[in-house]
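> Right, I'll just put the structure down here and ask away after.
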Amino acid sequence: MSLNESTVVLPELKVEIVPNAKIVDLSYSPARTFTTEEANTRITQLSCGLLNLKNVSNIAVMSLNSYEYMCILLAATKTGKTSIPINIKLPIEQLHYCLRDCAADLIFYTNEFKHLVPDDIRAIEIGFKGYADLLLDDVFQPPVIGEDQVHSIMYTSGTTGNPKGVVTTSGPPIVTGKRSEERRVG
């Protein structure tokens, strides 16, 4: 992609962990609450486990929104792997199309979506042994992540054919198009 006068490069975002801030997971009854410090610990533990997995670079997630879902996506990002949230409401043919199109080599799923998981892709059920085995207390050694490295792939709904994958990279976000002041009429 080339930059021109209608391209705006957004400033780098800085993130600070507020230790006592709360994360509330409403996917459970009663709701579960975690601090950001607890979440960061879980994400780091999972990141250590993901780095130990050989031949895994594209991680799909088939789950409703939850604390674990968030931790998996952020651990994938932290390890330089590609996260692919899969829309579990898609027809199974399109869902499987997405998994093959993105070359998913690992799927995290929750039990209610087990029937959607293809047999030929490695899969780990969230909250069970395979998942718990990835929660390591090792010292996290962050990999070098290039700006052009694929960060995530999100799929459209596929209303006009197969879903299309929208790729984001680890580099600074770029917004293309005319600036608002250039669009004023009159």
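Residues are referred to by chain and number: the chain letter is A, B, ... according to the order shown in the structure tokens, the number counts from 1 in that chain, and ligands are numbered separately from 1 in the order shown.
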Would you kindly return, as a PyMOL selection string, each protein, DNA or RNA residue with an atom no farther than 8 Å from any atom of A:Phe34, considering only C-alpha atoms and excluding same-chain residues fewer than 5 positions away?
chain A and resi 22-24+39
> What does the file look like for those residues with C-alpha atoms, as a short mmCIF file (atom, residue, chain, number, x, y, z; two decimals), in the first residue's frame?

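This is the output file result04.cif:
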data_model
loop_
_atom_site.label_atom_id
_atom_site.label_comp_id
_atom_site.auth_asym_id
_atom_site.auth_seq_id
_atom_site.Cartn_x
_atom_site.Cartn_y
_atom_site.Cartn_z
CA LYS A 22 -12.46 -4.88 36.78
CA ILE A 23 -13.41 -7.09 33.86
CA VAL A 24 -16.91 -8.53 34.19
CA ALA A 39 -6.27 -11.04 33.07
#
> Any idea what the distance is between atom CA of A:Gln149 and atom CA of A:Lys81?
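Spanning atom CA of A:Gln149 to atom CA of A:Lys81 is a straight-line distance of 8.7 Å.
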> Which is closest to A:Gly80 among A:Leu51, A:His115, A:Thr44, A:Asn65, if we use only C-alpha atoms?
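Among the listed residues, the smallest separation from A:Gly80 belongs to A:Leu51.
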> Taking the chain letters and numbering used in this document, name the residues of stretch 4-180 of chain A that DSSP puts in strand (DSSP E or B), as a VMD selection string.
chain A and resid 7 to 9 22 to 25 32 to 35 58 to 62 82 to 85 106 to 109 123 to 125 150 to 155 165 to 169 174 to 176
> Identify, with DSSP run on backbone atoms, the residues in stretch 93-136 of chain A assigned to helix (DSSP H, G or I), and express the list as a ChimeraX atom specification.
/A:93-101,111-116,129-132
> Of the residues A:Ile59, A:Ile88, A:Ile126, A:Leu53, which is the one nearest to A:Arg100, using only C-alpha atoms?
A:Ile59
